[in-house]
>>> print(open('input-v1.csv').read())   # CSV, C-alpha atoms
chain,number,residue,atom,x,y,z
A,1,MET,CA,-1.7,-58.7,-20.4
A,2,ALA,CA,-0.2,-57.0,-17.4
A,3,ILE,CA,2.2,-54.0,-17.6
A,4,SER,CA,5.8,-55.2,-17.3
A,5,LYS,CA,8.0,-54.0,-14.4
A,6,LYS,CA,10.4,-52.4,-17.1
A,7,ILE,CA,7.5,-50.4,-18.7
A,8,ARG,CA,6.2,-49.4,-15.2
A,9,PHE,CA,9.6,-48.2,-14.2
A,10,GLU,CA,10.1,-46.2,-17.5
A,11,VAL,CA,6.7,-44.5,-16.9
A,12,PHE,CA,7.6,-43.6,-13.3
A,13,LYS,CA,11.0,-42.3,-14.5
A,14,ARG,CA,9.4,-40.2,-17.3
A,15,ASP,CA,6.9,-38.7,-14.8
A,16,GLY,CA,9.5,-37.9,-12.2
A,17,PHE,CA,8.3,-40.5,-9.7
A,18,GLN,CA,5.3,-38.4,-8.7
A,19,CYS,CA,1.5,-38.7,-9.3
A,20,ALA,CA,0.5,-36.8,-12.4
A,21,TYR,CA,-2.8,-35.9,-10.8
A,22,CYS,CA,-1.9,-34.7,-7.3
A,23,GLY,CA,1.9,-34.4,-7.4
A,24,ARG,CA,2.5,-36.6,-4.3
A,25,LYS,CA,5.6,-38.8,-4.2
A,26,PRO,CA,6.8,-41.9,-2.4
A,27,PRO,CA,7.2,-42.7,0.4
A,28,ALA,CA,4.0,-40.7,1.2
A,29,VAL,CA,2.1,-42.7,-1.5
A,30,ILE,CA,2.3,-45.9,-3.5
A,31,LEU,CA,2.7,-45.3,-7.3
A,32,GLU,CA,0.9,-47.2,-10.0
A,33,CYS,CA,0.6,-47.0,-13.7
A,34,ASP,CA,-2.8,-45.6,-14.9
A,35,HIS,CA,-4.2,-46.0,-18.4
A,36,ILE,CA,-5.0,-42.6,-20.0
A,37,ASN,CA,-7.5,-44.4,-22.2
A,38,PRO,CA,-8.7,-47.2,-20.0
A,39,LYS,CA,-8.2,-50.8,-21.1
A,40,SER,CA,-12.0,-51.4,-20.7
A,41,LYS,CA,-12.5,-48.7,-23.3
A,42,GLY,CA,-9.9,-50.0,-25.8
A,43,GLY,CA,-6.7,-48.6,-24.3
A,44,SER,CA,-3.4,-50.4,-24.6
A,45,ASN,CA,-0.4,-51.0,-22.3
A,46,ASP,CA,1.7,-48.8,-24.6
A,47,ILE,CA,3.9,-46.4,-22.7
A,48,ASN,CA,2.2,-43.4,-24.4
A,49,ASN,CA,-1.1,-44.5,-22.9
A,50,LEU,CA,0.3,-44.9,-19.4
A,51,ILE,CA,0.7,-42.3,-16.7
A,52,THR,CA,2.0,-42.3,-13.1
A,53,ALA,CA,-0.8,-42.1,-10.5
A,54,CYS,CA,-0.9,-42.7,-6.8
A,55,PHE,CA,-3.1,-45.4,-5.4
A,56,ASP,CA,-5.8,-42.9,-4.3
A,57,CYS,CA,-5.9,-41.0,-7.6
A,58,ASN,CA,-5.9,-44.1,-9.7
A,59,ARG,CA,-8.8,-45.5,-7.8
A,60,GLY,CA,-10.6,-42.2,-7.9
A,61,LYS,CA,-10.3,-42.0,-11.7
A,62,SER,CA,-11.3,-45.6,-12.1
A,63,ASN,CA,-12.0,-46.4,-15.8
A,64,ASN,CA,-13.1,-42.9,-16.8
A,65,LEU,CA,-11.5,-41.3,-19.9
A,66,LEU,CA,-9.2,-38.4,-19.5
A,67,THR,CA,-10.3,-35.6,-21.7
A,68,ASN,CA,-7.2,-33.6,-20.7
A,69,ALA,CA,-4.2,-35.7,-20.1
A,70,PRO,CA,-1.8,-34.2,-17.5
A,71,ILE,CA,1.3,-32.4,-18.8
A,72,LYS,CA,4.0,-34.8,-19.9
A,73,MET,CA,7.4,-34.7,-18.2
A,74,SER,CA,9.0,-32.9,-21.2
A,75,GLU,CA,6.5,-30.1,-20.9
A,76,ASN,CA,7.2,-29.9,-17.1
A,77,ILE,CA,10.9,-29.6,-17.9
A,78,LYS,CA,10.2,-26.7,-20.3
A,79,ILE,CA,8.1,-25.0,-17.6
A,80,MET,CA,10.8,-25.6,-15.0
A,81,LYS,CA,13.5,-24.2,-17.3
A,82,GLU,CA,11.4,-21.1,-18.0
A,83,LYS,CA,10.9,-20.6,-14.3
A,84,GLN,CA,14.6,-20.9,-13.7
A,85,GLU,CA,15.4,-18.4,-16.5
A,86,GLN,CA,12.8,-15.9,-15.0
A,87,PHE,CA,14.3,-16.4,-11.5
A,88,ASP,CA,17.8,-15.8,-12.9
A,89,GLU,CA,16.7,-12.6,-14.6
A,90,TYR,CA,14.9,-11.5,-11.4
A,91,CYS,CA,18.1,-12.0,-9.4
A,92,LYS,CA,20.0,-9.9,-12.0
A,93,PHE,CA,17.4,-7.2,-11.7
A,94,LEU,CA,17.7,-7.2,-7.9
A,95,LYS,CA,21.5,-6.8,-8.2
A,96,ILE,CA,20.9,-3.7,-10.4
A,97,VAL,CA,18.4,-2.3,-7.9
A,98,GLU,CA,20.8,-2.9,-5.0
A,99,LYS,CA,23.7,-1.2,-6.9
A,100,LYS,CA,21.4,1.9,-7.5
A,101,VAL,CA,20.4,2.0,-3.8
A,102,ASN,CA,24.0,1.8,-2.7
A,103,SER,CA,24.9,4.6,-5.1
A,104,ARG,CA,22.2,6.8,-3.7
A,105,ILE,CA,23.3,6.0,-0.1
A,106,ASP,CA,26.8,7.1,-1.1
A,107,GLU,CA,25.5,10.3,-2.6
A,108,VAL,CA,23.6,11.1,0.5
A,109,VAL,CA,26.6,10.3,2.7
A,110,LYS,CA,28.9,12.6,0.7
A,111,PHE,CA,26.3,15.4,0.9
A,112,TYR,CA,26.1,15.0,4.7
A,113,GLU,CA,29.9,15.0,5.0
A,114,SER,CA,30.1,18.2,3.0
A,115,LEU,CA,27.5,19.9,5.2
A,116,ASN,CA,29.4,18.8,8.4
A,117,ASN,CA,33.0,18.9,7.1
A,118,GLU,CA,34.3,21.0,9.9
A,119,HIS,CA,33.6,18.1,12.3
A,120,LYS,CA,34.7,15.3,9.9
A,121,LEU,CA,31.5,13.4,10.7
A,122,THR,CA,29.9,10.5,8.7
A,123,PHE,CA,27.0,8.2,9.4
A,124,THR,CA,27.6,4.9,11.1
A,125,ASP,CA,27.4,1.8,9.0
A,126,THR,CA,24.2,0.7,10.8
A,127,PHE,CA,22.6,4.0,10.1
A,128,LYS,CA,23.6,3.8,6.4
A,129,GLN,CA,22.4,0.2,6.0
A,130,ILE,CA,19.1,0.5,7.8
A,131,THR,CA,17.9,4.1,8.0
A,132,LEU,CA,19.4,5.7,4.9
A,133,ARG,CA,18.5,2.5,2.9
A,134,LYS,CA,14.9,3.0,3.9
A,135,PHE,CA,15.0,6.7,3.0
A,136,VAL,CA,16.7,6.2,-0.5
A,137,LYS,CA,14.2,3.5,-1.3
A,138,ALA,CA,11.2,5.7,-0.4
A,139,LEU,CA,12.4,9.2,-1.3
A,140,PRO,CA,14.2,10.9,-4.1
A,141,VAL,CA,17.8,11.8,-3.1
A,142,SER,CA,16.9,15.5,-3.6
A,143,GLU,CA,14.3,15.2,-0.8
A,144,ILE,CA,16.8,13.6,1.6
A,145,LYS,CA,19.3,16.3,0.8
A,146,GLU,CA,16.6,19.0,1.4
A,147,ALA,CA,15.9,17.4,4.8
A,148,MET,CA,19.6,17.7,5.6
A,149,VAL,CA,19.7,21.3,4.6
A,150,ILE,CA,16.6,22.1,6.7
A,151,THR,CA,18.1,20.3,9.7
A,152,HIS,CA,21.5,22.1,9.2
A,153,THR,CA,19.8,25.4,8.9
A,154,LYS,CA,17.7,24.9,12.0
A,155,LEU,CA,20.3,23.2,14.2
A,156,GLY,CA,23.7,24.0,12.6
A,157,CYS,CA,26.4,21.3,12.1
A,158,ALA,CA,25.9,17.9,13.5
A,159,THR,CA,28.3,17.0,16.3
A,160,LEU,CA,29.3,13.8,17.9
A,161,ASN,CA,27.2,14.5,20.9
A,162,ASN,CA,24.2,15.9,19.1
A,163,ASP,CA,21.5,13.2,18.8
A,164,ARG,CA,19.0,16.0,18.2
A,165,TRP,CA,20.4,16.5,14.6
A,166,GLY,CA,19.8,12.9,13.6
A,167,LYS,CA,16.3,12.8,15.2
A,168,TYR,CA,15.3,16.1,13.5
A,169,PHE,CA,16.6,14.9,10.2
A,170,CYS,CA,14.9,11.5,10.4
A,171,GLY,CA,11.6,13.2,11.5
A,172,ILE,CA,11.6,15.3,8.3
A,173,CYS,CA,12.3,12.3,6.1
A,174,TRP,CA,9.6,10.2,7.8
A,175,THR,CA,7.1,13.1,7.3
A,176,LYS,CA,8.0,13.3,3.6
A,177,ILE,CA,7.5,9.5,3.3
A,178,ARG,CA,4.1,9.7,4.9
A,179,LYS,CA,3.1,12.6,2.6
A,180,ILE,CA,4.3,10.5,-0.5
A,181,ASN,CA,2.3,7.5,0.8
A,182,ASN,CA,-0.7,9.8,1.2
A,183,GLY,CA,-0.1,11.3,-2.3
A,184,ASP,CA,0.3,14.9,-1.0
A,185,LEU,CA,4.0,15.7,-1.1
A,186,ASN,CA,3.4,18.7,-3.3
A,187,ASN,CA,0.7,20.1,-1.0
A,188,GLU,CA,2.9,21.2,1.9
>>> encode(input="input-v1.csv", output="structure tokens")
Amino acid sequence: MAISKKIRFEVFKRDGFQCAYCGRKPPAVILECDHINPKSKGGSNDINNLITACFDCNRGKSNNLLTNAPIKMSENIKIMKEKQEQFDEYCKFLKIVEKKVNSRIDEVVKFYESLNNEHKLTFTDTFKQITLRKFVKALPVSEIKEAMVITHTKLGCATLNNDRWGKYFCGICWTKIRKINNGDLNNE
């Protein structure tokens, strides 16, 4: 007895209209119903013995028995829900990290402003979001503040026309980052 169109459609629906073996979907492939336990080996047309297969996979399996049936759609849904929950938690974690990074940037900016208060200077938004962001992700805030103190001691207050201050400060921070990456920050 042939598999009815109604049963065939129910199997395709249950399996998400994709081949349980290779995962391909129409229109790239033509779907068929495959017998998990082949009819030639006593299998029936019962929906629990049927699985969605593309033409190529069904022909490749032929009438061989499946020792490990593919994951049923309900199991796929559980796996997809777990993946979604993990992704949601990861996004929450990234927001927490971003909040900490922004807090560290603010701390560094306030310290810079206190060092250079006579000129009422602050960093540009671009410098904060690119350069300082890299520094606070790679260095403890205390190391960045130390770089500012060293620069301030060597060059004095930053001024609007003093590019040298920023370059000197960045050079110190990049040197510290290289030392951390090489594992020798304490061996100065």
>>> atom_distance(input="input-v1.csv", atom1="atom CA of A:Pro26", atom2="atom CA of A:Thr52")
11.7 Å
>>> residues_around(input="input-v1.csv", residues="A:Trp174", least_positions_apart="6", cutoff="12 Å", atoms="only C-alpha atoms", output="ChimeraX atom specification")
/A:131-132,134-136,138-139,143-144,147,167-168,180-181,185
>>> atom_distance(input="input-v1.csv", atom1="atom CA of A:Leu31", atom2="atom CA of A:Ala53")
5.7 Å
>>> residues_near_point(input="input-v1.csv", point="(24.5, 3.5, 7.0)", cutoff="12 Å", atoms="all atoms listed in the file", output="ChimeraX atom specification")
/A:101-102,104-110,112,122-136
>>> write_last_selection(input="input-v1.csv", atoms="C-alpha atoms", output="CSV table (one decimal), in the frame of the given file")
chain,number,residue,atom,x,y,z
A,101,VAL,CA,20.4,2.0,-3.8
A,102,ASN,CA,24.0,1.8,-2.7
A,104,ARG,CA,22.2,6.8,-3.7
A,105,ILE,CA,23.3,6.0,-0.1
A,106,ASP,CA,26.8,7.1,-1.1
A,107,GLU,CA,25.5,10.3,-2.6
A,108,VAL,CA,23.6,11.1,0.5
A,109,VAL,CA,26.6,10.3,2.7
A,110,LYS,CA,28.9,12.6,0.7
A,112,TYR,CA,26.1,15.0,4.7
A,122,THR,CA,29.9,10.5,8.7
A,123,PHE,CA,27.0,8.2,9.4
A,124,THR,CA,27.6,4.9,11.1
A,125,ASP,CA,27.4,1.8,9.0
A,126,THR,CA,24.2,0.7,10.8
A,127,PHE,CA,22.6,4.0,10.1
A,128,LYS,CA,23.6,3.8,6.4
A,129,GLN,CA,22.4,0.2,6.0
A,130,ILE,CA,19.1,0.5,7.8
A,131,THR,CA,17.9,4.1,8.0
A,132,LEU,CA,19.4,5.7,4.9
A,133,ARG,CA,18.5,2.5,2.9
A,134,LYS,CA,14.9,3.0,3.9
A,135,PHE,CA,15.0,6.7,3.0
A,136,VAL,CA,16.7,6.2,-0.5
>>> closest_atom_pairs(input="input-v1.csv", of="stretch 9-56 of chain A", to="stretch 77-89 of chain A", cutoff="12 Å", atoms="all atoms listed in the file", output="tab-separated table")
residue	atom	partner	partner_atom	distance
A:Arg14	CA	A:Ile77	CA	10.7
A:Asp15	CA	A:Ile77	CA	10.4
A:Gly16	CA	A:Ile77	CA	10.2
>>> atom_distance(input="input-v1.csv", atom1="atom CA of A:Glu32", atom2="atom CA of A:Cys54")
5.8 Å
>>> decode(input="input-v1.csv", residues="stretch 8-57 of chain A", atoms="N, CA and C atoms", output="mmCIF file, in the first residue's frame")
data_model
loop_
_atom_site.group_PDB
_atom_site.id
_atom_site.type_symbol
_atom_site.label_atom_id
_atom_site.label_comp_id
_atom_site.auth_asym_id
_atom_site.auth_seq_id
_atom_site.Cartn_x
_atom_site.Cartn_y
_atom_site.Cartn_z
ATOM 1 N N ARG A 8 2.127 11.771 3.974
ATOM 2 C CA ARG A 8 3.374 12.328 3.439
ATOM 3 C C ARG A 8 3.525 13.792 3.876
ATOM 4 N N PHE A 9 2.433 14.576 3.755
ATOM 5 C CA PHE A 9 2.461 15.981 4.141
ATOM 6 C C PHE A 9 2.714 16.123 5.640
ATOM 7 N N GLU A 10 2.097 15.291 6.454
ATOM 8 C CA GLU A 10 2.289 15.335 7.912
ATOM 9 C C GLU A 10 3.744 15.032 8.276
ATOM 10 N N VAL A 11 4.363 14.097 7.585
ATOM 11 C CA VAL A 11 5.775 13.769 7.824
ATOM 12 C C VAL A 11 6.650 14.961 7.450
ATOM 13 N N PHE A 12 6.395 15.565 6.288
ATOM 14 C CA PHE A 12 7.172 16.734 5.866
ATOM 15 C C PHE A 12 7.027 17.876 6.874
ATOM 16 N N LYS A 13 5.787 18.125 7.323
ATOM 17 C CA LYS A 13 5.532 19.175 8.309
ATOM 18 C C LYS A 13 6.306 18.899 9.601
ATOM 19 N N ARG A 14 6.198 17.684 10.103
ATOM 20 C CA ARG A 14 6.865 17.302 11.346
ATOM 21 C C ARG A 14 8.380 17.510 11.236
ATOM 22 N N ASP A 15 8.937 17.217 10.072
ATOM 23 C CA ASP A 15 10.386 17.299 9.879
ATOM 24 C C ASP A 15 10.845 18.648 9.322
ATOM 25 N N GLY A 16 9.941 19.636 9.305
ATOM 26 C CA GLY A 16 10.318 20.988 8.899
ATOM 27 C C GLY A 16 10.615 21.140 7.419
ATOM 28 N N PHE A 17 10.037 20.283 6.592
ATOM 29 C CA PHE A 17 10.233 20.332 5.147
ATOM 30 C C PHE A 17 11.711 20.378 4.773
ATOM 31 N N GLN A 18 12.490 19.516 5.440
ATOM 32 C CA GLN A 18 13.903 19.397 5.073
ATOM 33 C C GLN A 18 14.334 17.953 5.235
ATOM 34 N N CYS A 19 15.314 17.578 4.455
ATOM 35 C CA CYS A 19 15.840 16.215 4.500
ATOM 36 C C CYS A 19 16.476 15.974 5.866
ATOM 37 N N ALA A 20 16.071 14.903 6.521
ATOM 38 C CA ALA A 20 16.596 14.577 7.853
ATOM 39 C C ALA A 20 18.057 14.123 7.784
ATOM 40 N N TYR A 21 18.527 13.755 6.615
ATOM 41 C CA TYR A 21 19.899 13.275 6.484
ATOM 42 C C TYR A 21 20.886 14.403 6.153
ATOM 43 N N CYS A 22 20.535 15.228 5.171
ATOM 44 C CA CYS A 22 21.483 16.262 4.724
ATOM 45 C C CYS A 22 21.026 17.680 5.031
ATOM 46 N N GLY A 23 19.770 17.858 5.404
ATOM 47 C CA GLY A 23 19.269 19.172 5.779
ATOM 48 C C GLY A 23 18.828 20.062 4.631
ATOM 49 N N ARG A 24 18.957 19.569 3.410
ATOM 50 C CA ARG A 24 18.546 20.408 2.278
ATOM 51 C C ARG A 24 17.031 20.536 2.222
ATOM 52 N N LYS A 25 16.580 21.636 1.583
ATOM 53 C CA LYS A 25 15.147 21.945 1.508
ATOM 54 C C LYS A 25 14.759 22.251 0.074
ATOM 55 N N PRO A 26 13.452 22.168 -0.225
ATOM 56 C CA PRO A 26 12.991 22.611 -1.537
ATOM 57 C C PRO A 26 13.230 24.103 -1.671
ATOM 58 N N PRO A 27 13.424 24.652 -2.810
ATOM 59 C CA PRO A 27 13.311 24.017 -4.112
ATOM 60 C C PRO A 27 14.606 23.355 -4.575
ATOM 61 N N ALA A 28 15.637 23.370 -3.724
ATOM 62 C CA ALA A 28 16.918 22.770 -4.127
ATOM 63 C C ALA A 28 16.803 21.257 -4.320
ATOM 64 N N VAL A 29 15.870 20.628 -3.626
ATOM 65 C CA VAL A 29 15.707 19.172 -3.719
ATOM 66 C C VAL A 29 14.227 18.806 -3.752
ATOM 67 N N ILE A 30 13.961 17.602 -4.157
ATOM 68 C CA ILE A 30 12.611 17.039 -4.097
ATOM 69 C C ILE A 30 12.563 16.149 -2.863
ATOM 70 N N LEU A 31 11.550 16.361 -2.020
ATOM 71 C CA LEU A 31 11.425 15.575 -0.796
ATOM 72 C C LEU A 31 10.584 14.327 -1.015
ATOM 73 N N GLU A 32 10.955 13.290 -0.283
ATOM 74 C CA GLU A 32 10.222 12.022 -0.307
ATOM 75 C C GLU A 32 10.088 11.526 1.122
ATOM 76 N N CYS A 33 9.220 10.562 1.319
ATOM 77 C CA CYS A 33 9.129 9.894 2.620
ATOM 78 C C CYS A 33 9.965 8.627 2.556
ATOM 79 N N ASP A 34 10.837 8.473 3.524
ATOM 80 C CA ASP A 34 11.688 7.284 3.607
ATOM 81 C C ASP A 34 11.212 6.445 4.782
ATOM 82 N N HIS A 35 11.316 5.155 4.651
ATOM 83 C CA HIS A 35 10.982 4.235 5.741
ATOM 84 C C HIS A 35 12.223 4.051 6.610
ATOM 85 N N ILE A 36 12.080 4.316 7.911
ATOM 86 C CA ILE A 36 13.197 4.105 8.830
ATOM 87 C C ILE A 36 13.528 2.620 8.847
ATOM 88 N N ASN A 37 12.506 1.812 9.064
ATOM 89 C CA ASN A 37 12.639 0.354 8.937
ATOM 90 C C ASN A 37 12.032 0.018 7.578
ATOM 91 N N PRO A 38 12.867 -0.332 6.578
ATOM 92 C CA PRO A 38 12.384 -0.521 5.206
ATOM 93 C C PRO A 38 11.225 -1.518 5.123
ATOM 94 N N LYS A 39 10.321 -1.251 4.182
ATOM 95 C CA LYS A 39 9.179 -2.154 3.958
ATOM 96 C C LYS A 39 9.664 -3.563 3.634
ATOM 97 N N SER A 40 10.769 -3.640 2.883
ATOM 98 C CA SER A 40 11.289 -4.955 2.499
ATOM 99 C C SER A 40 11.796 -5.747 3.709
ATOM 100 N N LYS A 41 11.959 -5.051 4.842
ATOM 101 C CA LYS A 41 12.452 -5.713 6.062
ATOM 102 C C LYS A 41 11.370 -5.702 7.152
ATOM 103 N N GLY A 42 10.123 -5.516 6.728
ATOM 104 C CA GLY A 42 9.007 -5.606 7.666
ATOM 105 C C GLY A 42 8.481 -4.275 8.165
ATOM 106 N N GLY A 43 9.003 -3.161 7.677
ATOM 107 C CA GLY A 43 8.543 -1.845 8.126
ATOM 108 C C GLY A 43 7.177 -1.492 7.566
ATOM 109 N N SER A 44 6.487 -0.604 8.255
ATOM 110 C CA SER A 44 5.134 -0.219 7.842
ATOM 111 C C SER A 44 5.118 1.222 7.327
ATOM 112 N N ASN A 45 3.943 1.656 6.872
ATOM 113 C CA ASN A 45 3.739 3.029 6.433
ATOM 114 C C ASN A 45 3.269 3.910 7.585
ATOM 115 N N ASP A 46 3.411 3.438 8.802
ATOM 116 C CA ASP A 46 3.029 4.222 9.976
ATOM 117 C C ASP A 46 3.892 5.483 10.029
ATOM 118 N N ILE A 47 3.279 6.604 10.422
ATOM 119 C CA ILE A 47 3.979 7.896 10.450
ATOM 120 C C ILE A 47 5.248 7.855 11.307
ATOM 121 N N ASN A 48 5.272 7.020 12.339
ATOM 122 C CA ASN A 48 6.450 6.910 13.209
ATOM 123 C C ASN A 48 7.581 6.116 12.561
ATOM 124 N N ASN A 49 7.302 5.470 11.441
ATOM 125 C CA ASN A 49 8.335 4.742 10.707
ATOM 126 C C ASN A 49 8.756 5.510 9.459
ATOM 127 N N LEU A 50 8.269 6.735 9.312
ATOM 128 C CA LEU A 50 8.577 7.527 8.128
ATOM 129 C C LEU A 50 9.387 8.757 8.514
ATOM 130 N N ILE A 51 10.248 9.132 7.593
ATOM 131 C CA ILE A 51 11.099 10.298 7.809
ATOM 132 C C ILE A 51 11.261 11.019 6.474
ATOM 133 N N THR A 52 11.467 12.341 6.543
ATOM 134 C CA THR A 52 11.645 13.132 5.324
ATOM 135 C C THR A 52 13.063 12.948 4.811
ATOM 136 N N ALA A 53 13.169 12.655 3.517
ATOM 137 C CA ALA A 53 14.477 12.487 2.875
ATOM 138 C C ALA A 53 14.406 13.122 1.494
ATOM 139 N N CYS A 54 15.539 13.673 1.066
ATOM 140 C CA CYS A 54 15.578 14.169 -0.306
ATOM 141 C C CYS A 54 15.747 12.975 -1.242
ATOM 142 N N PHE A 55 15.513 13.202 -2.514
ATOM 143 C CA PHE A 55 15.609 12.136 -3.504
ATOM 144 C C PHE A 55 16.972 11.430 -3.427
ATOM 145 N N ASP A 56 18.065 12.223 -3.386
ATOM 146 C CA ASP A 56 19.413 11.639 -3.391
ATOM 147 C C ASP A 56 19.679 10.804 -2.144
ATOM 148 N N CYS A 57 19.331 11.334 -0.966
ATOM 149 C CA CYS A 57 19.592 10.592 0.280
ATOM 150 C C CYS A 57 18.739 9.332 0.354
#
